[in-house]
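Shown next: work_33.tsv, containing TSV, C-alpha atoms.
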```tsv
chain	number	residue	atom	x	y	z
A	1	MET	CA	-23.34	-10.13	-15.27
A	2	LYS	CA	-21.52	-7.56	-13.15
A	3	THR	CA	-19.22	-10.29	-11.86
A	4	ALA	CA	-18.35	-11.39	-15.38
A	5	ILE	CA	-17.56	-7.81	-16.39
A	6	PHE	CA	-15.38	-7.38	-13.30
A	7	TRP	CA	-13.37	-10.55	-13.99
A	8	LEU	CA	-12.98	-9.69	-17.66
A	9	ALA	CA	-11.65	-6.23	-16.78
A	10	TRP	CA	-9.42	-7.78	-14.09
A	11	ALA	CA	-7.97	-10.26	-16.58
A	12	ILE	CA	-7.22	-7.54	-19.15
A	13	VAL	CA	-5.51	-5.33	-16.57
A	14	SER	CA	-3.57	-8.29	-15.13
A	15	VAL	CA	-2.26	-9.35	-18.54
A	16	PHE	CA	-1.15	-5.78	-19.29
A	17	VAL	CA	0.56	-5.30	-15.92
A	18	LEU	CA	2.29	-8.68	-15.95
A	19	ARG	CA	3.48	-8.24	-19.53
A	20	THR	CA	4.76	-4.76	-18.78
A	21	PHE	CA	6.38	-5.14	-15.37
A	22	TYR	CA	6.91	-8.77	-14.46
A	23	PHE	CA	8.91	-10.48	-17.15
A	24	ARG	CA	11.48	-7.94	-18.33
A	25	TYR	CA	13.95	-5.79	-16.44
A	26	SER	CA	14.16	-2.11	-17.25
A	27	GLU	CA	15.80	0.68	-15.29
A	28	ASN	CA	12.94	2.95	-16.35
A	29	ARG	CA	10.34	0.50	-14.98
A	30	LEU	CA	12.28	0.26	-11.73
A	31	LYS	CA	12.12	4.04	-11.35
A	32	GLN	CA	8.42	4.12	-12.28
A	33	LEU	CA	7.64	1.50	-9.66
A	34	ARG	CA	9.66	3.37	-7.01
A	35	TYR	CA	7.91	6.65	-7.78
A	36	SER	CA	4.50	4.97	-7.80
A	37	ALA	CA	5.23	3.39	-4.42
A	38	ILE	CA	6.31	6.76	-3.00
A	39	VAL	CA	3.20	8.54	-4.28
A	40	LEU	CA	0.88	5.86	-2.90
A	41	GLU	CA	2.64	5.92	0.48
A	42	LEU	CA	2.19	9.70	0.62
A	43	ILE	CA	-1.50	9.40	-0.27
A	44	ILE	CA	-2.00	6.71	2.39
A	45	VAL	CA	-0.34	8.85	5.07
A	46	ALA	CA	-2.40	11.85	3.91
A	47	LEU	CA	-5.58	9.81	4.43
A	48	PHE	CA	-4.76	9.86	8.16
A	49	THR	CA	-6.09	13.45	8.14
A	50	PHE	CA	-9.60	12.35	7.09
A	51	PRO	CA	-12.36	11.00	9.40
A	52	TRP	CA	-12.02	7.31	10.18
A	53	LEU	CA	-14.59	6.58	12.88
A	54	PRO	CA	-18.34	7.18	13.01
A	55	ASP	CA	-17.83	10.03	15.48
A	56	GLY	CA	-15.58	11.85	12.99
A	57	THR	CA	-12.24	11.02	14.60
A	58	THR	CA	-9.40	11.24	12.09
A	59	GLY	CA	-6.53	8.78	11.76
A	60	PHE	CA	-4.22	11.17	13.58
A	61	GLY	CA	-6.94	11.62	16.22
A	62	VAL	CA	-6.93	7.86	16.76
A	63	ILE	CA	-3.14	8.04	17.15
A	64	LEU	CA	-3.51	10.82	19.73
A	65	THR	CA	-5.85	8.59	21.75
A	66	GLY	CA	-2.94	6.13	21.98
A	67	HIS	CA	-4.20	3.25	19.82
A	68	LEU	CA	-1.07	1.13	19.58
A	69	GLY	CA	-2.07	-0.68	16.37
A	70	ILE	CA	-2.60	2.49	14.35
A	71	ILE	CA	0.58	4.03	15.78
A	72	THR	CA	2.49	0.92	14.72
A	73	ALA	CA	0.87	0.98	11.27
A	74	LEU	CA	1.88	4.63	10.76
A	75	ILE	CA	5.46	3.92	11.83
A	76	LEU	CA	5.57	0.94	9.49
A	77	LEU	CA	4.25	3.20	6.70
A	78	VAL	CA	6.86	5.90	7.27
A	79	ILE	CA	9.71	3.38	7.03
A	80	PRO	CA	8.96	2.41	3.40
A	81	LEU	CA	8.24	6.03	2.55
A	82	THR	CA	11.82	6.89	3.44
A	83	ALA	CA	13.23	3.61	2.07
A	84	PHE	CA	11.65	4.09	-1.37
A	85	PHE	CA	13.59	7.34	-1.82
A	86	SER	CA	16.78	5.28	-1.83
A	87	ALA	CA	18.03	3.45	-4.90
A	88	SER	CA	19.65	0.78	-2.71
A	89	SER	CA	18.29	-2.71	-3.20
A	90	LEU	CA	18.48	-3.41	0.53
A	91	PHE	CA	16.45	-0.31	1.45
A	92	LEU	CA	13.86	-0.97	-1.26
A	93	LYS	CA	13.37	-4.57	-0.13
A	94	SER	CA	13.11	-3.52	3.53
A	95	GLY	CA	10.56	-0.91	2.49
A	96	VAL	CA	8.46	-3.54	0.74
A	97	LEU	CA	8.59	-5.81	3.81
A	98	SER	CA	7.72	-2.94	6.14
A	99	HIS	CA	4.79	-1.94	3.95
A	100	GLY	CA	3.49	-5.51	3.98
A	101	MET	CA	3.66	-5.60	7.78
A	102	ALA	CA	1.94	-2.20	7.95
A	103	THR	CA	-0.92	-3.52	5.83
A	104	VAL	CA	-1.53	-6.48	8.14
A	105	VAL	CA	-1.31	-4.31	11.27
A	106	PHE	CA	-3.63	-1.74	9.67
A	107	PHE	CA	-6.29	-4.32	8.80
A	108	VAL	CA	-6.20	-5.88	12.27
A	109	SER	CA	-6.33	-2.46	13.95
A	110	MET	CA	-9.29	-1.29	11.89
A	111	ILE	CA	-11.18	-4.52	12.65
A	112	LEU	CA	-10.55	-3.91	16.35
A	113	LEU	CA	-11.51	-0.22	16.10
A	114	ILE	CA	-14.77	-0.83	14.25
A	115	PRO	CA	-16.06	-4.25	15.27
A	116	GLY	CA	-19.28	-5.54	13.83
A	117	THR	CA	-21.29	-3.91	11.10
A	118	VAL	CA	-21.44	-0.16	10.61
A	119	MET	CA	-23.23	1.95	8.06
A	120	LEU	CA	-20.63	3.33	5.69
A	121	THR	CA	-20.82	7.02	4.98
A	122	THR	CA	-18.57	9.34	3.04
A	123	ASN	CA	-17.18	10.49	6.40
A	124	MET	CA	-15.76	7.01	7.09
A	125	ILE	CA	-14.46	5.99	3.67
A	126	ALA	CA	-10.83	7.10	4.24
A	127	PRO	CA	-9.62	3.94	6.03
A	128	ILE	CA	-11.18	1.75	3.34
A	129	VAL	CA	-9.49	3.78	0.61
A	130	ALA	CA	-6.23	3.59	2.57
A	131	ALA	CA	-6.57	-0.19	2.89
A	132	MET	CA	-7.21	-0.60	-0.84
A	133	LEU	CA	-4.23	1.63	-1.68
A	134	MET	CA	-2.08	-0.40	0.71
A	135	LEU	CA	-3.02	-3.59	-1.13
A	136	ILE	CA	-2.24	-1.95	-4.46
A	137	ASN	CA	1.11	-0.79	-3.09
A	138	ILE	CA	1.91	-4.36	-2.01
A	139	VAL	CA	1.53	-5.43	-5.64
A	140	ILE	CA	3.74	-2.52	-6.73
A	141	GLY	CA	6.26	-3.45	-4.05
A	142	LEU	CA	6.37	-7.07	-5.15
A	143	SER	CA	6.83	-5.97	-8.76
A	144	LEU	CA	9.62	-3.68	-7.57
A	145	TRP	CA	11.23	-6.59	-5.72
A	146	GLN	CA	11.03	-8.74	-8.84
A	147	GLN	CA	12.63	-5.98	-10.94
A	148	LEU	CA	15.45	-5.82	-8.37
A	149	GLN	CA	15.96	-9.58	-8.68
A	150	LEU	CA	16.08	-9.29	-12.48
A	151	LYS	CA	18.62	-6.48	-12.13
A	152	GLU	CA	20.80	-8.58	-9.82
A	153	ARG	CA	20.67	-11.51	-12.25
A	154	ALA	CA	21.62	-9.23	-15.16
A	155	ASN	CA	24.63	-7.93	-13.22
A	156	LEU	CA	25.94	-11.43	-12.49
```
Full structure transcribed into structure tokens:
Amino acid sequence: MKTAIFWLAWAIVSVFVLRTFYFRYSENRLKQLRYSAIVLELIIVALFTFPWLPDGTTGFGVILTGHLGIITALILLVIPLTAFFSASSLFLKSGVLSHGMATVVFFVSMILLIPGTVMLTTNMIAPIVAAMLMLINIVIGLSLWQQLQLKERANL
């Protein structure tokens, strides 16, 4: 029953989002998507200050230990954060690509950092929330990319 409720809610939200953002170009929607992407990137970077590992090490603590994957993920997250402030189509598209790469690197790094099964506690929830927000931001980024394509077609 819970699965049916989930898929029903998912379908309703998907129809609303696709109808609103996917099919029609609007300068206002483009701005909304840019601002949403910026806010989510800031939240994701802020989650680096929360505990990530069972011993209480934060995301920035993992970076200070020299974990190359997390360092790369943070760099790839800062690139779109700066790119989304630009209105340039090239910068926005490069930001979306960089964010996608950051998501893959982040997932691989977290799997390597916490192999096997661990008991989840509220002290370790930050990387999971960050991963979910990164996936949401990929959808926002792809919607942003599609709006940019619609804008380019309208200008031709």
Q: For Ile114 (chain A), please output as a PyMOL selection string all residues within 12 Å (counting all atoms listed in the file; exclusion window: fewer than 3 positions along the same chain).
A: chain A and resi 52-55+62+107-111+117-120+124+127-128
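Residue nearest Glu27 (chain A) within the list A:Leu77, A:Leu92, A:Ala87, A:Ile136: A:Ala87 [criterion: smallest interatomic distance, all atoms listed in the file].
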Of A:Trp145, A:Trp10, A:Phe60, A:Phe106, the one nearest to Met132 (chain A) when counting only C-alpha atoms is A:Phe106
*With only C-alpha atoms counted, which protein, DNA or RNA residues have an atom no more than 10 Å from (-16.6, 11.7, 3.3) in the file frame? Please answer as number ranges by chain.*
A: 50-52, 56, 120-126
Hey, what's within 9 Å of Phe91 (chain A) if we count all atoms listed in the file and toss same-chain stuff fewer than 6 positions away? As an NGL selection string, please? :A and (80 or 82-85)
Margin query: Report, in Å to a single decimal, how far apart CA of Ile140 (chain A) and CA of Ala4 (chain A) are.
Written below: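 Distance between the two atoms: 25.3 Å.
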- Task: Identify, on the basis of all atoms listed in the file, every residue whose closest approach to Ile71 (chain A) does not exceed 10 Å; exclude the query and any residue fewer than 2 positions from it along the same chain; express the result as a count of residues only.
- Result: 18
- Query: Just how far from CA of Lys31 (chain A) is CA of Ile12 (chain A), in Å to one decimal?
  - Reply: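 Rounded to one decimal, the two atoms are 23.9 Å apart.
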- Task: Quick one: pull the distance between CA of Leu144 (chain A) and CA of Ala9 (chain A), Å, one decimal.
- Result: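 CA of Ala9 (chain A) lies 23.3 Å from CA of Leu144 (chain A).
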Can you rebuild region 36-56 of chain A with N, CA and C atoms and give it as a CSV table (one decimal), in the coordinates of the input?
```csv
chain,number,residue,atom,x,y,z
A,36,SER,N,5.9,5.3,-8.1
A,36,SER,CA,4.5,5.0,-7.8
A,36,SER,C,4.3,4.6,-6.3
A,37,ALA,N,5.3,3.8,-5.8
A,37,ALA,CA,5.2,3.4,-4.4
A,37,ALA,C,5.3,4.6,-3.5
A,38,ILE,N,6.2,5.6,-3.8
A,38,ILE,CA,6.3,6.8,-3.0
A,38,ILE,C,5.0,7.6,-3.0
A,39,VAL,N,4.4,7.8,-4.2
A,39,VAL,CA,3.2,8.5,-4.3
A,39,VAL,C,2.1,7.9,-3.5
A,40,LEU,N,1.9,6.6,-3.6
A,40,LEU,CA,0.9,5.9,-2.9
A,40,LEU,C,1.1,5.9,-1.4
A,41,GLU,N,2.3,5.8,-1.0
A,41,GLU,CA,2.6,5.9,0.5
A,41,GLU,C,2.3,7.3,1.0
A,42,LEU,N,2.6,8.3,0.2
A,42,LEU,CA,2.2,9.7,0.6
A,42,LEU,C,0.7,9.9,0.7
A,43,ILE,N,0.0,9.3,-0.3
A,43,ILE,CA,-1.5,9.4,-0.3
A,43,ILE,C,-2.1,8.7,1.0
A,44,ILE,N,-1.5,7.5,1.2
A,44,ILE,CA,-2.0,6.7,2.4
A,44,ILE,C,-1.8,7.5,3.7
A,45,VAL,N,-0.6,8.1,3.9
A,45,VAL,CA,-0.3,8.8,5.1
A,45,VAL,C,-1.2,10.1,5.1
A,46,ALA,N,-1.5,10.7,4.0
A,46,ALA,CA,-2.4,11.8,3.9
A,46,ALA,C,-3.8,11.5,4.3
A,47,LEU,N,-4.2,10.3,4.0
A,47,LEU,CA,-5.6,9.8,4.4
A,47,LEU,C,-5.8,9.7,6.0
A,48,PHE,N,-4.7,9.8,6.7
A,48,PHE,CA,-4.8,9.9,8.2
A,48,PHE,C,-5.4,11.2,8.6
A,49,THR,N,-5.5,12.2,7.8
A,49,THR,CA,-6.1,13.4,8.1
A,49,THR,C,-7.6,13.5,7.9
A,50,PHE,N,-8.2,12.4,7.3
A,50,PHE,CA,-9.6,12.4,7.1
A,50,PHE,C,-10.3,11.6,8.2
A,51,PRO,N,-11.6,11.8,8.4
A,51,PRO,CA,-12.4,11.0,9.4
A,51,PRO,C,-12.3,9.5,9.2
A,52,TRP,N,-12.1,8.8,10.2
A,52,TRP,CA,-12.0,7.3,10.2
A,52,TRP,C,-13.1,6.6,10.9
A,53,LEU,N,-13.6,7.2,12.0
A,53,LEU,CA,-14.6,6.6,12.9
A,53,LEU,C,-15.9,7.3,12.7
A,54,PRO,N,-17.0,6.6,13.1
A,54,PRO,CA,-18.3,7.2,13.0
A,54,PRO,C,-18.5,8.5,13.7
A,55,ASP,N,-17.7,8.8,14.8
A,55,ASP,CA,-17.8,10.0,15.5
A,55,ASP,C,-17.0,11.1,14.8
A,56,GLY,N,-16.3,10.8,13.7
A,56,GLY,CA,-15.6,11.8,13.0
A,56,GLY,C,-14.1,11.9,13.4
```
